[in-house]
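Undergrad: So that we are looking at the same thing, I have put the structure below in structure tokens.
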Amino acid sequence: MTRAEALTVPTHIHGYPEIAFGGYLAGLLAAQSGADTVRVDFRRAVTVDTPILLSRPGDGHVAFTATDDTLLVEAAPAALTLDPRPAPSWAAAKSAVELGLSGDRTVTDCYGCGLACEPGRGLLLFPSELPGAQMMAAAWTPDAGLADESGELPPEVVWSALDCPGGRAAFVFSRMGSGAFTAAMTSQQLRPMYAGADYISHAWVVTRDGRKHTVGVALSTADGELCALSEGLWIEPRQG
């Protein structure tokens, strides 16, 4: 095992207030795993601006722990058997966003879908209901501030874009309760993605089992070529 490395998640990279964005954490671990497909399990909430430790036990397994060694998030090579639904057209995805933003929408600074984020400080990805399709969709052109020096989106940004839309789908189509959170993500990136390019995000509900909601999320080029695919598990908090 290599020595653990310390890092902190910046304040602006959050979903719920003060809680580090799950997809971002997952992408950081996926990059360290080195596997083509990775499953990430969230064991404890990670707060922003708080030191955490990255460890690499080996064989593609990586984890974040607290400074007292409490396991927070872990990742391992996996297989993804999810069949992606066909992507909507760019025009349909763009229309869905325009329609969604024209109505009443809560303004937050969520790193994924927050309307209050400045360009480059959030994804500005706005999944909205695609009429008649039981699917959330968004047209998305990533800002240059999200990319590395070559203009490519790093894994933590791609995985972030694979996280939030699934929750939106579960909230809308399987009536997921408030306070739900990402419990696991199994994802693969098939081709590089770049700032300034046009992409289509679409998300759908796979199954619901009580408090557990399984969702699919895909990212495609404007021409419909699949770039990344994810199966996410969201869990509602226990009532009472």
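Convention: chains lettered A, B, ... in structure tokens order; per-chain residue numbering from 1; ligands numbered from 1 as shown.
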Which neighbours of Ala31 of chain A fall inside 12 Å, counting only C-alpha atoms, when residues of the same chain fewer than 3 positions from it are skipped, and could you give them as a ChimeraX atom specification?
TA: /A:24-28,34-40,54,56,60-63,75-77,154-159,187-189
Undergrad: Residues of segment 128-206 of chain A in strand (DSSP E or B) according to DSSP, as a PyMOL selection string?
TA: chain A and resi 128-130+135-140+152+181-189+194+199-206
Undergrad: Would you save the residues from that selection as a CSV table (one decimal), in the first residue's frame, using N, CA and C atoms?
TA:
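Done, and the output landed in again-v3.csv:
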chain,number,residue,atom,x,y,z
A,128,SER,N,-33.9,18.4,-17.3
A,128,SER,CA,-35.3,18.7,-17.3
A,128,SER,C,-36.1,17.7,-18.0
A,129,GLU,N,-37.4,17.6,-17.6
A,129,GLU,CA,-38.3,16.5,-18.1
A,129,GLU,C,-38.5,16.6,-19.6
A,130,LEU,N,-38.2,15.5,-20.3
A,130,LEU,CA,-38.5,15.4,-21.7
A,130,LEU,C,-39.9,15.0,-21.9
A,135,MET,N,-38.2,10.6,-19.0
A,135,MET,CA,-36.7,10.8,-19.0
A,135,MET,C,-36.4,12.2,-18.8
A,136,MET,N,-35.3,12.5,-18.1
A,136,MET,CA,-34.7,13.8,-17.9
A,136,MET,C,-33.7,14.0,-19.0
A,137,ALA,N,-33.6,15.2,-19.6
A,137,ALA,CA,-32.6,15.5,-20.6
A,137,ALA,C,-32.1,16.9,-20.5
A,138,ALA,N,-30.9,17.1,-21.0
A,138,ALA,CA,-30.3,18.4,-21.0
A,138,ALA,C,-29.3,18.5,-22.1
A,139,ALA,N,-29.3,19.7,-22.7
A,139,ALA,CA,-28.2,20.1,-23.6
A,139,ALA,C,-27.1,20.7,-22.8
A,140,TRP,N,-25.9,20.4,-23.0
A,140,TRP,CA,-24.8,20.8,-22.1
A,140,TRP,C,-23.5,21.1,-22.9
A,152,GLU,N,-9.6,19.1,-21.9
A,152,GLU,CA,-10.3,17.9,-21.6
A,152,GLU,C,-11.0,17.9,-20.2
A,181,PHE,N,-29.9,10.6,-1.2
A,181,PHE,CA,-28.5,10.8,-1.5
A,181,PHE,C,-28.0,9.7,-2.4
A,182,THR,N,-26.9,9.9,-3.1
A,182,THR,CA,-26.2,8.9,-3.9
A,182,THR,C,-25.5,7.9,-3.0
A,183,ALA,N,-25.9,6.6,-3.1
A,183,ALA,CA,-25.2,5.6,-2.3
A,183,ALA,C,-24.1,4.9,-3.0
A,184,ALA,N,-24.3,4.8,-4.4
A,184,ALA,CA,-23.3,4.1,-5.2
A,184,ALA,C,-23.4,4.5,-6.6
A,185,MET,N,-22.3,4.4,-7.3
A,185,MET,CA,-22.3,4.7,-8.8
A,185,MET,C,-21.4,3.7,-9.4
A,186,THR,N,-21.8,3.1,-10.5
A,186,THR,CA,-21.0,2.2,-11.3
A,186,THR,C,-20.9,2.9,-12.7
A,187,SER,N,-19.7,3.3,-13.1
A,187,SER,CA,-19.7,4.1,-14.3
A,187,SER,C,-18.5,3.8,-15.2
A,188,GLN,N,-18.6,4.1,-16.5
A,188,GLN,CA,-17.5,4.0,-17.4
A,188,GLN,C,-17.5,5.1,-18.4
A,189,GLN,N,-16.3,5.6,-18.7
A,189,GLN,CA,-16.2,6.7,-19.7
A,189,GLN,C,-15.6,6.0,-21.0
A,194,TYR,N,-14.7,17.3,-23.9
A,194,TYR,CA,-14.0,18.5,-23.9
A,194,TYR,C,-14.9,19.7,-23.6
A,199,TYR,N,-22.9,18.5,-25.6
A,199,TYR,CA,-23.2,17.1,-25.2
A,199,TYR,C,-24.7,17.0,-24.8
A,200,ILE,N,-25.2,15.8,-24.8
A,200,ILE,CA,-26.5,15.5,-24.4
A,200,ILE,C,-26.5,14.7,-23.2
A,201,SER,N,-27.2,15.1,-22.1
A,201,SER,CA,-27.3,14.3,-20.9
A,201,SER,C,-28.7,13.7,-20.9
A,202,HIS,N,-28.9,12.5,-20.6
A,202,HIS,CA,-30.2,12.0,-20.3
A,202,HIS,C,-30.2,10.9,-19.2
A,203,ALA,N,-31.3,10.9,-18.4
A,203,ALA,CA,-31.4,10.1,-17.3
A,203,ALA,C,-32.7,9.5,-17.1
A,204,TRP,N,-32.8,8.3,-16.6
A,204,TRP,CA,-34.1,7.5,-16.5
A,204,TRP,C,-34.1,6.6,-15.2
A,205,VAL,N,-35.2,6.3,-14.8
A,205,VAL,CA,-35.3,5.4,-13.6
A,205,VAL,C,-35.3,3.9,-14.1
A,206,VAL,N,-34.5,3.1,-13.5
A,206,VAL,CA,-34.4,1.7,-13.8
A,206,VAL,C,-35.4,0.9,-13.0
Undergrad: Quick one, how far is atom CA of Pro237 of chain A from atom CA of Met176 of chain A?
TA: 10.1 Å
Undergrad: From a DSSP pass on the backbone, collect the residues of segment 2-240 of chain A flagged as helix (DSSP H, G or I) and hand them back as number ranges by chain.
TA: A: 22-33, 90-102, 144-146, 155-161, 164-173
Undergrad: Which of these residues is nearest to Val9 of chain A, using only C-alpha atoms: A:Ile52, A:Leu101, A:Ala30, A:Ala180?
TA: A:Ile52
Undergrad: Considering only C-alpha atoms, can you say which of A:Trp90, A:Asp223, A:Thr214, A:Leu153 comes closest to Arg191 of chain A?
TA: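 Once distances to Arg191 of chain A are computed over only C-alpha atoms, the minimum belongs to A:Leu153.
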Undergrad: Which residue out of A:Leu123, A:Leu71, A:Ala78, A:Ala66 has the minimum interatomic distance to Arg43 of chain A when only C-alpha atoms are used?
TA: A:Leu71
Undergrad: Measuring atom to atom with only C-alpha atoms, identify which of A:Val46, A:Ala147, A:Cys227, A:Ala20 is nearest to Cys110 of chain A.
TA: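 Using only C-alpha atoms, the shortest distance to Cys110 of chain A belongs to A:Ala20.
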Undergrad: Would you mind reading off the distance between atom CA of Asp59 of chain A and atom CA of Val215 of chain A, one decimal, in Å?
TA: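 Interatomic distance here is 27.5 Å.
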Undergrad: Fewer than 3 positions away in the same chain doesn't count, so skip those; otherwise give me all residues within 9 Å of Pro84 of chain A, counting only C-alpha atoms, as a ChimeraX atom specification.
TA: /A:87,216-218,226,229-230
Undergrad: Could you please determine the separation between atom CA of Asp143 of chain A and atom CA of Gly196 of chain A in Å, to one decimal place?
TA: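 Atom CA of Gly196 of chain A lies at a distance of 6.2 Å from atom CA of Asp143 of chain A.
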Undergrad: Of the candidates A:Gly23, A:Gly58, A:Thr221, A:Val97, which shows the shortest atom-to-atom distance to Gly166 of chain A, using only C-alpha atoms?
TA: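 Comparing A:Gly23, A:Gly58, A:Thr221, A:Val97 against Gly166 of chain A, the winner is A:Gly23.
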Undergrad: When distances are computed from only C-alpha atoms, which of A:Leu29, A:Ala79, A:Val172, A:Ala197 shows the smallest separation from Leu53 of chain A?
TA: A:Leu29
